[in-house]
Amino acid sequence: MTPRSLAQTLGSVVGDDHVLVDDDLRRGFETDWTGRWSGPSALVVRPGATHEVAEVLIRCAAAGVDVIPQAGNTGLVGGSVPRAGDQARRPAVVLSLRRLNAIADVDAAAMQLTAGAGTTIADWQAAARAVGLDTPIDFAARDSATVGGAIATNAGGSRVLRYGTMRQQVVGIEAVLADGRVVGSLTGLPKETVGLHWPSILAGSEGTLAIVTAARLRLVPHFDHVVTAMISTPTVGAAIELAGRLRRRVTSLDAIEIIQPEALRLVAAHLGRTPPIGVADDATVLLVECADHADPTDELLAELDGPGVTATAVATDAPHRVALVAFRDRLTEAINAASVDTGTPPFKLDVAVPLGAVEPLLDLAGDAARSDGCTLIAFGHLAEGNLHLNHLGVRDPDALADRVLRGVADLGGTISAEHGVGVAKTGWMHLVRTDDDLAAQAAIKSALDPLGMLNPGVLRAHDRRRSTAAGQVP
């Protein structure tokens with residue numbers, strides 16, 4: 001089937017205005033958020049309902065084309081854009097879920113709502129707060145990242161410490177299989193125990209098993225009293241000890257973020273502001289938030305008046321808290337701005353290790369960056385041992401990734417903590433999954449998507465020798 005005839009048949013399902021064929025209209029859907037991964041599509045189709053998604057998949061299967069599901073396109077591992085070069089098997093259609101952004105059935109008593117896959121995290125949050133509740137998930141890309149993408153990658157963000165990752169927030173799901181069948185339920189019954197649990201199966205599957213179109217999501221209490229603190233500790237070890245003490249003693253603890261000095265300096269320069277605390281080159285910075293129905297400030301301050309804390313800045317009113325949180329929330333923005341000067345997109349590795357291995361991991365990552373000649377900007381979520389290792393001016397991404405990811409595996413960690421595997425990390429899946437694990441995963445994929453048309457190449461383990469940047473924009 002030619003692109004023109006495919007456009008016509010899909011236009012009859014979603015409307016011609018929602019089938020994008022022109023190069024200029026497709027371009028924004030063909031390159032990922034980092035600018036590192038890109039590939040051509042035959043067209044972009046934008047269904048507006050679950051039944052349209054089903055019919056689109058049926059027709060794409062008949063046409064023999066691959067389908068790349070995409071929502072906010074904030075992914076960092078090449079999993080939401082078409083494959084390039086030798087990674088592309090056949091023509092690909094980008095299936096944009098942005099129009100599936102309705103929020104419905106808000107139930108304050110059950111503390112649940114239903115959101116379409118294209119709903120942004122910010123809109124989920126706004127709907128929750130409109131009924132006096134809140135979302136258990138939050139991260140800096142809230143205005144563009146979507147519910148569907150967060151489910152696909154099992155994203156977490158800053159509140160995982162308190163509420164867990166996206167998998168824990170999905171109490172019902174609606175999804176379309178490759179052959180157009182619709183599975184799942186949006187009832188949200190807490191004690192539904194009949195057979196397989198589709199939210200558990202599809203969370204983290206990165207669009208390879210089915211297309212998630214909507215989800216029934218948990219809501220959590222909204223706390224009127226929030227305190228935010230930026231804290232300097234002399235070492236990573238001291239930061240871990242403090243984090244442990246806070247987790248044991250501060251019941252209102254909501255987030256513990258780690259920011260290394262190089263990262264703090266970079267975002268401060270980007271914001272045009274001086275950091276609120278002085279930080280030595282070998283120190284570690286924590287951004288801690290506590291939230292409760294009663295003011296948790298005294299509870300937090302009591303634990304900061306002890307060993308291992310060299311400086312603090314505390315904010316309890318909204319404007320000052322927003323100013324402090326900006327040093328974390330705008331870090332990615334600062335990294336992207338700095339990458340313009342290097343002439344190459346930032347190279348990002350999202351990993352997690354046991355808490356006791358955080359310091360060795362930072363040492364390993366620092367050594368790897370120095371060997372490459374690039375600059376390491378490290379930050380993340382300390383309580384989960386999750387570090388975002390960002391590299392500016394990287395020369396050999398393959399060698400750098402191989403050294404760091406093998407080191408992570410040796411430390412008992414994982415090669416992806418919340419950004420997914422995509423196509424960027426498939427060559428290292430064997431480091432953290434056994435052959436039997438991978439074979440079972442492949443069998444499930446084959447059963448649900450026998451044609452292999454849904455997000456091909458993603459989460460597909462293989463021993464890859466070509467560059468991790470095979471899809472990099474020239």
# chains A, B, ... in the order shown; residues from 1 in each chain; ligands from 1
call {"tool": "select_by_dssp", "arguments": {"residues": "segment 181-407 of chain A", "states": "strand (DSSP E)", "output": "PyMOL selection string"}}
result
chain A and resi 182-185+211-218+220-221+225-233+253-259+284-292+311-315+347-352+375-381+386-392
call {"tool": "select_by_dssp", "arguments": {"residues": "segment 99-348 of chain A", "states": "helix (DSSP H, G or I)", "output": "PyMOL selection string"}}
result
chain A and resi 121-130+147-153+160-163+166-169+198-202+236-249+261-271+297-304+318-329+331-342
call {"tool": "closest_atom_pairs", "arguments": {"of": "segment 75-187 of chain A", "to": "segment 208-226 of chain A", "cutoff": "8 Å", "atoms": "only C-alpha atoms", "output": "CSV"}}
result
residue,atom,partner,partner_atom,distance
A:Leu97,CA,A:Thr213,CA,7.5
A:Leu100,CA,A:Thr213,CA,6.9
A:Met111,CA,A:Leu219,CA,4.9
A:Gln112,CA,A:Arg218,CA,4.7
A:Leu113,CA,A:Leu217,CA,5.5
A:Thr114,CA,A:Arg216,CA,4.3
A:Ala115,CA,A:Ala215,CA,5.6
A:Gly116,CA,A:Ala214,CA,4.1
A:Ala117,CA,A:Thr213,CA,4.9
A:Gly118,CA,A:Thr213,CA,8.0
A:Ala128,CA,A:Leu219,CA,6.7
A:Arg129,CA,A:His222,CA,7.2
A:Gly132,CA,A:His222,CA,6.2
A:Leu133,CA,A:His222,CA,4.5
A:Asp134,CA,A:His222,CA,4.9
A:Thr135,CA,A:Leu219,CA,5.2
A:Pro136,CA,A:Val220,CA,6.0
A:Val147,CA,A:Ala215,CA,7.9
A:Gly148,CA,A:Val212,CA,6.3
A:Gln169,CA,A:Arg218,CA,5.1
A:Val170,CA,A:Leu217,CA,4.9
A:Val171,CA,A:Arg216,CA,5.5
A:Gly172,CA,A:Arg216,CA,4.6
A:Ile173,CA,A:Ala215,CA,4.3
A:Glu174,CA,A:Ala214,CA,5.2
A:Ala175,CA,A:Val212,CA,4.2
A:Val176,CA,A:Ile211,CA,5.1
A:Leu177,CA,A:Ala210,CA,4.6
A:Ala178,CA,A:Ala210,CA,6.2
A:Leu186,CA,A:Arg216,CA,5.4
A:Thr187,CA,A:Arg216,CA,7.3
call {"tool": "closest_residue", "arguments": {"among": "A:Val56, A:Val358, A:Ala110, A:Ala268", "to": "Gly385 of chain A", "atoms": "only C-alpha atoms"}}
result
A:Val358
call {"tool": "closest_residue", "arguments": {"among": "A:Gly195, A:Gly164, A:Gly237, A:Gly306", "to": "Asp282 of chain A", "atoms": "only C-alpha atoms"}}
result
A:Gly237
call {"tool": "closest_atom_pairs", "arguments": {"of": "segment 123-214 of chain A", "to": "segment 323-344 of chain A", "cutoff": "9 Å", "atoms": "only C-alpha atoms", "output": "tab-separated table"}}
result
residue	atom	partner	partner_atom	distance
A:Phe139	CA	A:Asp329	CA	7.5
A:Ala140	CA	A:Asp329	CA	4.8
A:Ala141	CA	A:Asp329	CA	8.2
call {"tool": "closest_atom_pairs", "arguments": {"of": "segment 60-135 of chain A", "to": "segment 32-46 of chain A", "cutoff": "6 Å", "atoms": "only C-alpha atoms", "output": "CSV"}}
result
residue,atom,partner,partner_atom,distance
A:Thr74,CA,A:Trp33,CA,5.1
A:Gly78,CA,A:Trp37,CA,5.3
A:Pro82,CA,A:Gly39,CA,4.7
A:Arg83,CA,A:Gly39,CA,4.9
A:Ala84,CA,A:Gly39,CA,4.3
A:Pro91,CA,A:Ala42,CA,6.0
A:Ala92,CA,A:Ser41,CA,5.1
A:Val93,CA,A:Leu43,CA,5.4
A:Val94,CA,A:Val44,CA,4.7
A:Leu95,CA,A:Val45,CA,5.2
A:Ser96,CA,A:Arg46,CA,4.9
call {"tool": "write_last_selection", "arguments": {"atoms": "C-alpha atoms", "output": "PDB file, in the first residue's frame"}}
result
ATOM      1  CA  THR A  74       9.255  13.396  26.065  1.00  0.00           C
ATOM      2  CA  GLY A  78      14.392   6.550  21.282  1.00  0.00           C
ATOM      3  CA  PRO A  82      10.432   5.810  14.269  1.00  0.00           C
ATOM      4  CA  ARG A  83      13.566   3.758  13.887  1.00  0.00           C
ATOM      5  CA  ALA A  84      16.347   4.960  11.583  1.00  0.00           C
ATOM      6  CA  PRO A  91       7.454   1.750   6.778  1.00  0.00           C
ATOM      7  CA  ALA A  92       6.285   3.122  10.111  1.00  0.00           C
ATOM      8  CA  VAL A  93       3.217   5.069  11.158  1.00  0.00           C
ATOM      9  CA  VAL A  94       3.415   7.275  14.242  1.00  0.00           C
ATOM     10  CA  LEU A  95       0.206   6.806  16.219  1.00  0.00           C
ATOM     11  CA  SER A  96      -0.157  10.002  18.230  1.00  0.00           C
TER      12      SER A  96
END
call {"tool": "closest_residue", "arguments": {"among": "A:Arg406, A:Arg142, A:Arg321, A:Lys425", "to": "Lys348 of chain A", "atoms": "only C-alpha atoms"}}
result
A:Lys425
